[in-house]
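Chemist: My questions all concern the structure below.
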Amino acid sequence: MIKRWHTPLAALIVIIFGWVLFYCGTDGFSAFTAETARVNRLIDVKPKFPDVTFEDSKGRSYSISEFEGKYVFITFLYTSCTTVCPQLEMNMSKVYEKVPSKYMGKEIVFLSISFDPVRDDVSTLEKYRGYFNSDGETWRMARIPKKAELDSLLKAFGVIVIPDENGNFAHNSAFYLVDKKGSLVDVMDYKKIDEAANKLVGILDKEARD
């Protein structure tokens with residue numbers, strides 16, 4: 001009798017223990033992956049955009065206060081990337097096209113930030129923006145020359161960037177939305193173009209009505 005029940009009982013204990021670990025490790029079943037859990041934490045915390053100095057493709061330098069009173073729709077990239085970054089920026093361009101022009105530059109700006117400031121200098125960014133029809137104004141491409149400032153932003157927004165020996169980077173990718181007060185309020189799946197565009201337009205339309 002003891003042997004008959006030993007194996008099923010042991011299996012049940014393992015299953016229960018596994019579910020407890022799963023529950024604790026995924027924010028109570030609300031997040032099923034580490035990435036989703038990371039995004040949920042960011043949206044909950046709503047970190048402020050740190051004090052950094054951008055240098056954009058036009059050679060202009062400014063802080064995030066340049067966009068005060070506007071939403072900022074952001075991606076992080078490096079121009080030497082041949083895998084996810086081109087798709088990320090192409091999808092951003094599709095979202096850009098779906099946002100009514102009456103809001104562009106007045107209520108919202110798009111901003112692509114390079115985390116490879118050594119190679120992505122002003123001329124490189126200027127050339128790169130042309131591939132995606134960025135106008136350099138309502139959609140800007142910029143770098144953060146100071147490493148400490150760049151690192152502070154990546155850390156605050158949970159952007160993981162891991163260099164390899166070939167000068168490339170492993171990194172996560174998403175759309176990031178910063179509100180008019182400079183706080184991160186949403187992180188969106190960059191593959192879901194219509195969902196991101198509808199969310200942006202919904203926010204902007206609501207504010208216009210209010």
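FYI, nothing fancy with the structure tokens labels: chains A, B, ... in order, residues from 1 per chain, ligands from 1 as they appear.
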Near segment 58-75 of chain A, within 7 Å and counting only C-alpha atoms, which residues show up once chain neighbours fewer than 6 positions away are dropped, as a VMD selection string?

Modeler: chain A and resid 51 to 52 106 to 113 122 126 174 to 181

Chemist: Skipping near chain neighbours, those fewer than 5 positions away, what residues fall within 10 Å of Gly158 of chain A using only C-alpha atoms, listed as a list in words?

Modeler: Glu35, Arg38, Val39, Arg41, Leu42, Pro47, Ser152, Leu153 and Asn172 of chain A

Chemist: Restricted to N, CA, C and O atoms, what would the selected residues look like written as a PDB file, in the first residue's frame?

Modeler:
```pdb
ATOM      1  N   GLU A  35       9.778  38.854 -20.014  1.00  0.00           N
ATOM      2  CA  GLU A  35       9.630  40.125 -20.719  1.00  0.00           C
ATOM      3  C   GLU A  35       8.313  40.801 -20.360  1.00  0.00           C
ATOM      4  O   GLU A  35       8.253  42.012 -20.127  1.00  0.00           O
ATOM      5  N   ARG A  38       8.581  42.202 -16.963  1.00  0.00           N
ATOM      6  CA  ARG A  38       9.380  43.428 -16.988  1.00  0.00           C
ATOM      7  C   ARG A  38       8.530  44.611 -17.441  1.00  0.00           C
ATOM      8  O   ARG A  38       8.559  45.690 -16.839  1.00  0.00           O
ATOM      9  N   VAL A  39       7.759  44.408 -18.500  1.00  0.00           N
ATOM     10  CA  VAL A  39       6.904  45.472 -19.026  1.00  0.00           C
ATOM     11  C   VAL A  39       5.856  45.881 -17.999  1.00  0.00           C
ATOM     12  O   VAL A  39       5.604  47.073 -17.790  1.00  0.00           O
ATOM     13  N   ARG A  41       6.037  45.733 -14.801  1.00  0.00           N
ATOM     14  CA  ARG A  41       6.672  46.500 -13.731  1.00  0.00           C
ATOM     15  C   ARG A  41       6.944  47.930 -14.176  1.00  0.00           C
ATOM     16  O   ARG A  41       6.751  48.886 -13.409  1.00  0.00           O
ATOM     17  N   LEU A  42       7.401  48.102 -15.414  1.00  0.00           N
ATOM     18  CA  LEU A  42       7.684  49.442 -15.920  1.00  0.00           C
ATOM     19  C   LEU A  42       6.426  50.299 -15.958  1.00  0.00           C
ATOM     20  O   LEU A  42       6.436  51.468 -15.563  1.00  0.00           O
ATOM     21  N   PRO A  47       8.572  55.156 -14.667  1.00  0.00           N
ATOM     22  CA  PRO A  47       9.804  55.917 -14.405  1.00  0.00           C
ATOM     23  C   PRO A  47       9.859  57.225 -15.175  1.00  0.00           C
ATOM     24  O   PRO A  47       9.360  57.326 -16.293  1.00  0.00           O
ATOM     25  N   SER A 152      21.930  55.391 -17.888  1.00  0.00           N
ATOM     26  CA  SER A 152      20.867  55.725 -16.942  1.00  0.00           C
ATOM     27  C   SER A 152      19.494  55.601 -17.596  1.00  0.00           C
ATOM     28  O   SER A 152      18.530  55.162 -16.960  1.00  0.00           O
ATOM     29  N   LEU A 153      19.408  55.968 -18.868  1.00  0.00           N
ATOM     30  CA  LEU A 153      18.148  55.858 -19.588  1.00  0.00           C
ATOM     31  C   LEU A 153      17.791  54.395 -19.848  1.00  0.00           C
ATOM     32  O   LEU A 153      16.647  53.974 -19.631  1.00  0.00           O
ATOM     33  N   ASN A 172      16.498  43.849 -26.362  1.00  0.00           N
ATOM     34  CA  ASN A 172      15.055  43.725 -26.480  1.00  0.00           C
ATOM     35  C   ASN A 172      14.516  44.920 -27.259  1.00  0.00           C
ATOM     36  O   ASN A 172      15.165  45.965 -27.350  1.00  0.00           O
TER      37      ASN A 172
END
```

Chemist: Find the residue from A:Ile144, A:Ala208, A:Leu154, A:Cys85 that sits nearest to Arg119 of chain A; use only C-alpha atoms when measuring.

Modeler: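 Looking only at the distances to Arg119 of chain A, the closest residue turns out to be A:Ile144.
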
Chemist: Running DSSP on the backbone, which parts of segment 14-156 of chain A land in helix (DSSP H, G or I), as a PyMOL selection string?

Modeler: chain A and resi 14-25+34-45+64-67+84-98+122-130+147-156

Chemist: Find the residue from A:Ile203, A:Ala196, A:Val118, A:Leu88 that sits nearest to Gly167 of chain A; use only C-alpha atoms when measuring.

Modeler: A:Val118

Chemist: To one decimal in Å, tell me the separation between atom CA of Thr83 of chain A and atom CA of Ser173 of chain A.

Modeler: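 Taking atom CA of Thr83 of chain A and atom CA of Ser173 of chain A, their separation equals 11.3 Å.
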
Chemist: In terms of the shortest atom-to-atom distance over only C-alpha atoms, which of A:Glu195, A:Asp210, A:Asp116, A:Asp135 is closest to Lys147 of chain A?

Modeler: A:Asp116

Chemist: At a cut-off of 12 Å, using only C-alpha atoms, what residues contact Asp205 of chain A? Leave out same-chain residues fewer than 4 positions from it and give the result as a ChimeraX atom specification.

Modeler: /A:99-100,102-103,107-108,197-201,209-210

Chemist: For Val84 of chain A, which residue among A:Lys191, A:Phe132, A:Glu207, A:Ala148 is the nearest when counting only C-alpha atoms?

Modeler: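 Of the candidates, the smallest distance to Val84 of chain A is held by A:Lys191.
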
Chemist: List the spatial neighbours of Pro163 of chain A as a ChimeraX atom specification - criterion: any atom at most 12 Å away, only C-alpha atoms, same-chain residues fewer than 5 positions off excluded.

Modeler: /A:78,81,115-116,168-171

Chemist: So how many Å separate atom CA of Lys46 of chain A and atom CA of Val185 of chain A, to one decimal?

Modeler: 5.5 Å

Chemist: Set the distance at 9 Å and use only C-alpha atoms: which residues neighbour Thr79 of chain A once local chain neighbours fewer than 3 positions away are removed? I'd like the list as a list of chain:residue names.

Modeler: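 That gives A:Thr82, A:Cys85, A:Pro86, A:Ser114, A:Asp116, A:Arg119, A:Asp120, A:Thr124, A:Leu125, A:Tyr128.
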
Chemist: Output the selection as a tab-separated table (two decimals), in the first residue's frame - N, CA and C atoms for each residue.

Modeler:
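Final output, saved to out.tsv:
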```tsv
chain	number	residue	atom	x	y	z
A	82	THR	N	21.32	44.44	-38.41
A	82	THR	CA	20.76	43.90	-39.65
A	82	THR	C	19.60	42.94	-39.39
A	85	CYS	N	16.33	45.66	-35.79
A	85	CYS	CA	16.21	47.14	-35.83
A	85	CYS	C	15.55	47.67	-37.11
A	86	PRO	N	15.93	47.18	-38.29
A	86	PRO	CA	15.23	47.68	-39.49
A	86	PRO	C	13.73	47.42	-39.45
A	114	SER	N	19.61	55.90	-30.55
A	114	SER	CA	20.67	54.92	-30.75
A	114	SER	C	21.40	54.65	-29.44
A	116	ASP	N	24.28	53.08	-29.68
A	116	ASP	CA	25.62	52.88	-30.21
A	116	ASP	C	26.18	54.23	-30.65
A	119	ARG	N	29.50	54.78	-33.17
A	119	ARG	CA	29.33	54.57	-34.61
A	119	ARG	C	28.18	55.39	-35.19
A	120	ASP	N	27.15	55.60	-34.39
A	120	ASP	CA	25.98	56.33	-34.89
A	120	ASP	C	26.14	57.82	-34.64
A	124	THR	N	25.66	59.55	-39.78
A	124	THR	CA	25.11	58.19	-39.89
A	124	THR	C	23.61	58.21	-39.59
A	125	LEU	N	23.24	58.92	-38.54
A	125	LEU	CA	21.83	59.02	-38.19
A	125	LEU	C	21.03	59.76	-39.28
A	128	TYR	N	20.51	57.31	-42.03
A	128	TYR	CA	19.63	56.21	-41.62
A	128	TYR	C	18.17	56.65	-41.60
```

Chemist: Between A:Phe54, A:Trp139, A:Tyr96, A:Phe76, which residue has the minimum interatomic distance to Asp194 of chain A, considering only C-alpha atoms?

Modeler: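 Nearest to Asp194 of chain A: A:Tyr96.
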